[in-house]
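Below: one structure, written as structure tokens.
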Amino acid sequence: MTGILGIYFFDERWNVCNFGVYGLMALQHRGEETFGLEIIGNSRNKIEGEGLVEKILINNKKINGHICLGAVSPSISELQPFKLNDSVSLAIDGKIISIEDYRWDSTLSYENNLRRAFKGNKIEDAIDFFSRCKGGFSYIVVNDKKEMIAGRSSLGTKPLALGKMGFEGGIIASETCVMEVIGERVPISPAENIEPGEIRVFTPLSAYSECIENCTKRAYCSFEYVYLARPDSYINDIPVYRVRRRIGEILAEKDDIDADVVIGVPETAIPFAMAYSNKTGIPVEKGFEITGRRVRSAMKPNQLERLKGVQLKLNVISEVVRGKRIILIDDSIVRGNTLANIVYLMKEKGAKEVHVRIGSPRIISHCPFGVEIPPEDELIGRHLNEEKIAEVIGADSFRYLSIDDLAEAIGIKSEELCLGCFSNSYPEV
Amino acid sequence: MKVLLVGGAGREHAIAISLAKSSYSPRIYCISEMINIGIKKLVEQSNGEYFRGNINDPNVVSNIAEKIGADFVFIGPEEPNFHGVPDKLEEKGIPCIGANKAVSEIEMSKAHMRDIQWKYKIPGRLWYKKFKTFEEALPYIEEYADSIALKPARQVGGKGVKVIEDIQVYLQDDKKKLKIAHAESIVKEYMKDYDDTEYKLLIEERVWGPEYTLQCFTDGRSILPMPIVQDNKHAFDGDLGMETGGMGSISCGLTLKYGIDDERSLLTREEYEKSAEIVKMMVDAIQKETGKKYHGVVAGQMMLTPVWGPTIIEMYSRFGDPEAINVLKALKTDLIEICEAIISEKLNTIKLEFDENAIVVKAVCPEGYPNRRDLAKNHPIKINNDIINNENIIWASVDINNGAIVTGGSRIVECIGIGNNIPEASLKAENLCEKISLEDGWRVFHRSDIGSEKFMERRFSLANLAREIYQYRERKGLLGKRIIWMPGKGLIEVG
């Protein structure tokens, strides 16, 4: 997954640069390894680098322009936005699997295949190209005519939203939280969901939308709701926080455990734990303290980095766990070592029982649409059942959320969700 | 009876239709800078005459009125008022529906309007500062970081207003730069052709809430308020894009209901009455200030804000465009009877009657509007009988050029949809919009979202939110007050 951002001011006197920087910071949770921000005005300039977007804040003052295209990526090898040709740049979240009337050349990189398949520099060229692309993706492109085109693939797998800045311009971003950080105050003009198959066009004279015909099949990414998106975002008009609260409630409804305290693993699982507590009446407490900056440990590319992240992030507060029976809730379990580490720490600090609940179904399979999931032989859920996992991580009990319960919590029929990483069954693109 | 209509935009076409429906069967004459084919048809049908000329020249207009022996003149737009066309007509003894030069100051000078509102303590007054030069404004903008509206201190065809929301400290520097750049262009560009106001730049506090226009007839003694209309200023769907003269407007009953038999409405009855009271107070105040009588149409372009509830954003010394189309379409009372009552100052004897129907008006514009009218101009319009004879298509900025009907650079037509509720009326307007295209393939656009269910839901929830806050302030006795505490200075109260 990637966070993508496009900002368009109609009035050329605006300098978009800081809007771009803060907009990308609001998307930072979607990728912490590389970033890029292209600023388009009288000339085109690009700032890019590795690590956190905050780095751009230094020495960006000289760059001017009223349009920008940016991205944050969780992969060190992926630097976005990138050029499709001399005049067109692209930021894309997700994956294009195939392109109508184009034979994929497996000897070329993914980017180079897109470059070969893409022709022209006009709005119509971009619309035609992305209409022929199959897969699960959202994209924003800018060209040298100061035009910006953005859209979602017809399945709607990846999110994309439109925000407004008064009479001044518009924002396209992976998540609506961006609009609250850099856009107009929300009561006045709430962010709008861009519909699957919809294409949004901005030109110096106009802004309008078009639609790919005959796209009624949906495969919204369910992992966005569980883990990827920020809880203050709306994905497909559904508040992410509401889904996470509902997940906590469902976990509580399915449980009948006598426990003393509920603890959520920061940050994503906190709302699950709060809802679980509210539902059962078992008090919720803050179980961990963070050392250093917040990092998304599961997104770190290697094991050592992940463990460093986990241990710094998750120091167990002894007073909370000593002598207690604990319901410990996490958003997902991938390899199991994070949880094993936490449960071990809790027991070491005197926890009587630790019952682990996971706010998502078991992850058993890869994501063809770009969510970074480890190879299948590293996925604990693919190889062990719940009892065995409990033994491995040292928990007194262990339970997942079921796939049906996840669909219920999201509030979208499971036929309209992509549940591939949980079910190993993928939507037809 | 002979009536001379001044102006040739959509608003004037709507006025012409209402005049033509009158039981007085008047001969309709018109003067405007471009030839509006809709008005032209009504002029011809009533055996009147169409003149092309400068409507802002009091001599030109009054000479034509004299020549044709007009019983009265109806002035559509604001500029003839500002230029004293009604005054000249009065001098010559020709009755006129149109605010004279003195009273039309409530629209022309936005600074003067605010002065009056504060002097007479009229509710719904926004905090403001006025400046004669850019240099005078500069230190002020440098020092105060706040959400503001920058406006030319004079009405300049609705152009030049910029609203800058400045609440995110991390974006403050960029916003300040733009405030300064825009303040400079207001003084040096937008105002450069106008020397009739003392002040050049107005800075107002920025407020939010649903906007609405309350248009009223007045004879200077009383006012007759019409149904409120909501205009939509953003150029593109979803309230996106530049500010325009108005891309479409909705109305249903006095308080803008969702539908005829619907409980939901944008304003409460109380807010409607409060708004009318505010407009009446403005009319009384301007008459007292100038010693002149107000004969014509007055409108409050208002907003239901958290600070005040009903609040004046700007005043109009005439009908709004497209808002005129909504109220005139719904008006059941004979327009000429109303005009006569204004002229004889017996407006209190008239009871206005309106249809309860939901009415949605949508403007179709050539691409390039509003900022590049040079590109939007002179494109031939595809014409057929279906369009020409449709009474729900109002012609706006069009002209006849070498026999061809061409775009004038602004809104081409305004399409009316009527229904039991607003979304239904919106769909009907939508169908008419689809009929409009240009011979040379130049792109036209309109807003398909205006009046849709989703759109209405947003407008109503915004109104509810603003209402909750202003009612809380009202209960606390804080209406219109802004209290701040500055370290070292203590409590400061504004307003």
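The way I read the labels, and the way they are meant: chains A, B, ... in the order of the structure tokens, residue 1 as the first residue of every chain, and ligand 1 as the first ligand shown, with later ones counted on from there.
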Skipping near chain neighbours, those fewer than 6 positions away, what residues fall within 8 Å of stretch 364-371 of chain B using only C-alpha atoms, listed as a PDB file with N, CA and C atoms, in the first residue's frame?
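Result file follows (selection-v7.pdb):
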```pdb
ATOM      1  N   LEU A 205      -9.193  25.438 -16.278  1.00  0.00           N
ATOM      2  CA  LEU A 205     -10.511  26.039 -16.489  1.00  0.00           C
ATOM      3  C   LEU A 205     -11.634  25.296 -15.794  1.00  0.00           C
ATOM      4  N   SER A 206     -11.404  24.071 -15.372  1.00  0.00           N
ATOM      5  CA  SER A 206     -12.551  23.254 -14.999  1.00  0.00           C
ATOM      6  C   SER A 206     -12.211  22.149 -14.011  1.00  0.00           C
TER       7      SER A 206
ATOM      8  N   ALA B 235     -18.163  26.874  -8.784  1.00  0.00           N
ATOM      9  CA  ALA B 235     -18.346  26.580 -10.207  1.00  0.00           C
ATOM     10  C   ALA B 235     -18.685  25.115 -10.479  1.00  0.00           C
ATOM     11  N   MET B 242     -13.959  27.698  -8.338  1.00  0.00           N
ATOM     12  CA  MET B 242     -13.980  29.154  -8.192  1.00  0.00           C
ATOM     13  C   MET B 242     -15.371  29.685  -7.875  1.00  0.00           C
ATOM     14  N   GLU B 243     -15.359  30.918  -7.376  1.00  0.00           N
ATOM     15  CA  GLU B 243     -16.617  31.587  -7.087  1.00  0.00           C
ATOM     16  C   GLU B 243     -17.204  32.149  -8.378  1.00  0.00           C
ATOM     17  N   THR B 244     -18.490  31.890  -8.567  1.00  0.00           N
ATOM     18  CA  THR B 244     -19.183  32.393  -9.760  1.00  0.00           C
ATOM     19  C   THR B 244     -20.302  33.331  -9.315  1.00  0.00           C
ATOM     20  N   MET B 247     -24.367  29.256  -9.711  1.00  0.00           N
ATOM     21  CA  MET B 247     -24.498  28.140 -10.651  1.00  0.00           C
ATOM     22  C   MET B 247     -25.860  27.475 -10.587  1.00  0.00           C
ATOM     23  N   LYS B 377     -16.401  33.208 -24.573  1.00  0.00           N
ATOM     24  CA  LYS B 377     -17.239  34.094 -25.390  1.00  0.00           C
ATOM     25  C   LYS B 377     -17.344  33.676 -26.850  1.00  0.00           C
ATOM     26  N   THR B 407     -22.529  32.748 -27.303  1.00  0.00           N
ATOM     27  CA  THR B 407     -22.328  32.918 -25.857  1.00  0.00           C
ATOM     28  C   THR B 407     -21.737  34.298 -25.581  1.00  0.00           C
ATOM     29  N   GLY B 409     -20.074  34.862 -22.681  1.00  0.00           N
ATOM     30  CA  GLY B 409     -18.931  34.696 -21.781  1.00  0.00           C
ATOM     31  C   GLY B 409     -19.342  34.285 -20.382  1.00  0.00           C
ATOM     32  N   SER B 410     -20.582  34.572 -20.022  1.00  0.00           N
ATOM     33  CA  SER B 410     -21.065  34.169 -18.699  1.00  0.00           C
ATOM     34  C   SER B 410     -22.066  33.023 -18.871  1.00  0.00           C
ATOM     35  N   ARG B 411     -22.974  32.874 -17.903  1.00  0.00           N
ATOM     36  CA  ARG B 411     -23.946  31.782 -17.955  1.00  0.00           C
ATOM     37  C   ARG B 411     -24.813  31.881 -19.225  1.00  0.00           C
ATOM     38  N   ILE B 412     -24.974  30.775 -19.934  1.00  0.00           N
ATOM     39  CA  ILE B 412     -25.722  30.802 -21.198  1.00  0.00           C
ATOM     40  C   ILE B 412     -27.221  30.825 -20.927  1.00  0.00           C
ATOM     41  N   VAL B 413     -27.668  29.798 -20.214  1.00  0.00           N
ATOM     42  CA  VAL B 413     -29.093  29.712 -19.877  1.00  0.00           C
ATOM     43  C   VAL B 413     -29.210  29.279 -18.424  1.00  0.00           C
ATOM     44  N   GLU B 414     -30.397  29.493 -17.874  1.00  0.00           N
ATOM     45  CA  GLU B 414     -30.698  28.974 -16.555  1.00  0.00           C
ATOM     46  C   GLU B 414     -31.968  28.133 -16.690  1.00  0.00           C
ATOM     47  N   CYS B 415     -31.842  26.853 -16.348  1.00  0.00           N
ATOM     48  CA  CYS B 415     -32.933  25.908 -16.590  1.00  0.00           C
ATOM     49  C   CYS B 415     -33.735  25.689 -15.316  1.00  0.00           C
ATOM     50  N   CYS B 433     -30.898  20.993 -18.888  1.00  0.00           N
ATOM     51  CA  CYS B 433     -29.482  21.366 -19.044  1.00  0.00           C
ATOM     52  C   CYS B 433     -28.819  20.544 -20.148  1.00  0.00           C
ATOM     53  N   ILE B 436     -28.555  21.713 -23.836  1.00  0.00           N
ATOM     54  CA  ILE B 436     -27.763  22.866 -24.259  1.00  0.00           C
ATOM     55  C   ILE B 436     -26.358  22.437 -24.698  1.00  0.00           C
ATOM     56  N   TRP B 442     -17.278  23.357 -28.235  1.00  0.00           N
ATOM     57  CA  TRP B 442     -16.683  23.895 -27.006  1.00  0.00           C
ATOM     58  C   TRP B 442     -17.485  23.346 -25.819  1.00  0.00           C
ATOM     59  N   ARG B 443     -16.772  22.974 -24.754  1.00  0.00           N
ATOM     60  CA  ARG B 443     -17.407  22.305 -23.622  1.00  0.00           C
ATOM     61  C   ARG B 443     -18.326  23.247 -22.841  1.00  0.00           C
ATOM     62  N   VAL B 444     -19.492  22.763 -22.443  1.00  0.00           N
ATOM     63  CA  VAL B 444     -20.334  23.514 -21.502  1.00  0.00           C
ATOM     64  C   VAL B 444     -20.418  22.701 -20.208  1.00  0.00           C
ATOM     65  N   PHE B 445     -20.713  23.357 -19.114  1.00  0.00           N
ATOM     66  CA  PHE B 445     -20.850  22.610 -17.859  1.00  0.00           C
ATOM     67  C   PHE B 445     -21.967  23.193 -17.013  1.00  0.00           C
ATOM     68  N   HIS B 446     -22.480  22.348 -16.138  1.00  0.00           N
ATOM     69  CA  HIS B 446     -23.458  22.806 -15.154  1.00  0.00           C
ATOM     70  C   HIS B 446     -23.261  21.951 -13.913  1.00  0.00           C
TER      71      HIS B 446
END
```
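Here the DSSP assignment of alpha helix (DSSP H), based on backbone atoms, applies within stretch 102-231 of chain A to A:Tyr110, A:Glu111, A:Asn112, A:Asn113, A:Leu114, A:Arg115, A:Arg116, A:Ala117, A:Ile123, A:Glu124, A:Asp125, A:Ala126, A:Ile127, A:Asp128, A:Phe129, A:Phe130, A:Ser131, A:Arg132, A:Cys177, A:Val178, A:Met179, A:Glu180, A:Val181, A:Ile182, A:Phe223.
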Proximal residues of chain B relative to chain A (only C-alpha atoms; 9 Å) as a PyMOL selection string
chain B and resi 162-165+167-168+170-171+174-175+177-178+181-182+208-210+233-243+367-372+445+458-459+461-462+465
I need the residues from that last selection saved to file as a short mmCIF file (atom, residue, chain, number, x, y, z; two decimals), in the first residue's frame (with C-alpha atoms), if you can.
```
data_model
loop_
_atom_site.label_atom_id
_atom_site.label_comp_id
_atom_site.auth_asym_id
_atom_site.auth_seq_id
_atom_site.Cartn_x
_atom_site.Cartn_y
_atom_site.Cartn_z
CA LYS B 162 -11.55 35.74 -1.52
CA VAL B 163 -12.30 33.77 1.60
CA ILE B 164 -9.24 32.42 3.34
CA GLU B 165 -9.70 30.01 6.17
CA ILE B 167 -6.90 27.94 11.29
CA GLN B 168 -3.98 25.61 10.66
CA TYR B 170 1.42 25.26 10.09
CA LEU B 171 -0.04 26.73 6.90
CA ASP B 174 1.41 30.50 2.99
CA LYS B 175 -2.02 31.90 3.72
CA LYS B 177 1.30 35.53 1.57
CA LEU B 178 -1.85 34.97 -0.39
CA ALA B 181 -1.13 39.29 -2.68
CA HIS B 182 -4.89 39.35 -2.97
CA TRP B 208 -19.67 29.51 8.05
CA GLY B 209 -23.16 28.15 7.69
CA PRO B 210 -25.77 27.68 4.98
CA LYS B 233 -21.51 29.93 -5.86
CA HIS B 234 -18.93 27.21 -6.51
CA ALA B 235 -18.35 26.58 -10.21
CA PHE B 236 -18.21 22.79 -10.06
CA ASP B 237 -19.99 19.78 -8.60
CA GLY B 238 -19.60 19.10 -4.90
CA ASP B 239 -18.97 22.76 -3.98
CA LEU B 240 -15.64 22.69 -5.72
CA GLY B 241 -13.92 25.45 -7.60
CA MET B 242 -13.98 29.15 -8.19
CA GLU B 243 -16.62 31.59 -7.09
CA GLU B 367 -15.98 26.39 -20.21
CA GLY B 368 -13.79 29.34 -19.30
CA TYR B 369 -16.47 30.89 -17.09
CA PRO B 370 -15.90 32.47 -14.57
CA ASN B 371 -12.21 33.38 -14.81
CA ARG B 372 -11.52 33.21 -18.54
CA PHE B 445 -20.85 22.61 -17.86
CA ARG B 458 -25.54 18.26 3.56
CA ARG B 459 -27.20 21.65 3.44
CA SER B 461 -27.11 19.17 8.40
CA LEU B 462 -24.95 22.27 8.05
CA LEU B 465 -25.08 22.43 13.18
#
```
Strand (DSSP E) call set, DSSP backbone run, stretch 195-379 of chain A, as an MDAnalysis selection string:
chainID A and resid 198:202 207:211 220:221 234:235 238:239 261:264 288:289 315:316 325:330 353:358
Selection near A:Tyr110, 10 Å with only C-alpha atoms, sequence-local residues under 4 positions removed, as a PyMOL selection string
chain A and resi 95-97+104-106+114-115
Could you pull the residues within 12 Å of stretch 48-51 of chain A, counting only C-alpha atoms, minus those fewer than 2 positions along the same chain, as number ranges by chain?
A: 21, 24-25, 28-29, 31-39, 45-46, 53-57, 60, 69-82, 295, 300
What's the separation between atom CA of B:Ala330 and atom CA of B:Gly253, in Å to one decimal place?
8.8 Å
Considering only C-alpha atoms, return as a list in words whatever protein or nucleic-acid residues lie within 8 Å of B:Phe217, sequence-local ones (same chain, fewer than 6 positions apart) excluded.
Ile223, Leu224, Pro225, Met226, Gly296, Val297, Val298 and Ile342 of chain B
If you measure from atom CA of A:Asn278 to atom CA of A:Lys313, what distance in Å do you get, rounded to one decimal?
25.3 Å
Which residues come within 12 Å of B:Lys200, counting only C-alpha atoms, excluding same-chain residues fewer than 4 positions away, as a PyMOL selection string?
chain B and resi 108-112+129-137+150-156+160+183-196
Write the selection just made, keeping C-alpha atoms, as a compact mmCIF listing (two decimals), in the first residue's frame?
```
# COMPACT_ATOMS: atom_id res chain seq x y z
CA MET B 108 -22.40 49.47 -3.85
CA SER B 109 -20.31 50.32 -0.83
CA LYS B 110 -19.78 47.21 1.21
CA ALA B 111 -17.89 49.26 3.80
CA HIS B 112 -20.74 51.74 4.11
CA LYS B 129 -12.06 46.65 8.88
CA LYS B 130 -11.98 49.02 5.91
CA PHE B 131 -8.95 50.41 4.14
CA LYS B 132 -8.31 53.19 1.64
CA THR B 133 -5.00 51.86 0.41
CA PHE B 134 -3.15 48.59 0.25
CA GLU B 135 -0.31 50.03 2.34
CA GLU B 136 -2.76 50.82 5.12
CA ALA B 137 -4.00 47.22 5.16
CA LEU B 150 -11.10 39.89 1.58
CA LYS B 151 -13.51 41.97 -0.46
CA PRO B 152 -13.36 44.93 -2.76
CA ALA B 153 -15.08 47.66 -0.73
CA ARG B 154 -17.34 48.24 -3.73
CA GLN B 155 -19.63 45.80 -5.50
CA VAL B 156 -17.66 44.95 -8.64
CA GLY B 160 -12.73 39.78 -6.32
CA ALA B 183 -5.37 42.50 -0.92
CA GLU B 184 -3.00 44.17 -3.33
CA SER B 185 -4.88 42.96 -6.40
CA ILE B 186 -8.18 44.10 -4.93
CA VAL B 187 -6.91 47.64 -4.51
CA LYS B 188 -4.79 47.78 -7.66
CA GLU B 189 -6.76 45.65 -10.11
CA TYR B 190 -10.39 44.99 -9.15
CA MET B 191 -10.94 48.54 -7.89
CA LYS B 192 -8.84 50.36 -10.46
CA ASP B 193 -11.77 51.46 -12.62
CA TYR B 194 -13.89 52.69 -9.72
CA ASP B 195 -13.42 56.00 -7.97
CA ASP B 196 -16.90 56.28 -6.47
```
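With only C-alpha atoms taken into account, the protein and nucleic acid residues at most 8 Å from stretch 399-411 of chain A (excluding it and anything under 4 positions from it in its own chain) are Ser222, Tyr225, Ile238, Val243, Arg244, Arg246, Ile247, Ile250, Leu251, Val356, Arg357, Ile358, Gly359, Ser360, Pro361, Arg362, Glu386, Leu417, Leu419 and Phe422 of chain A.
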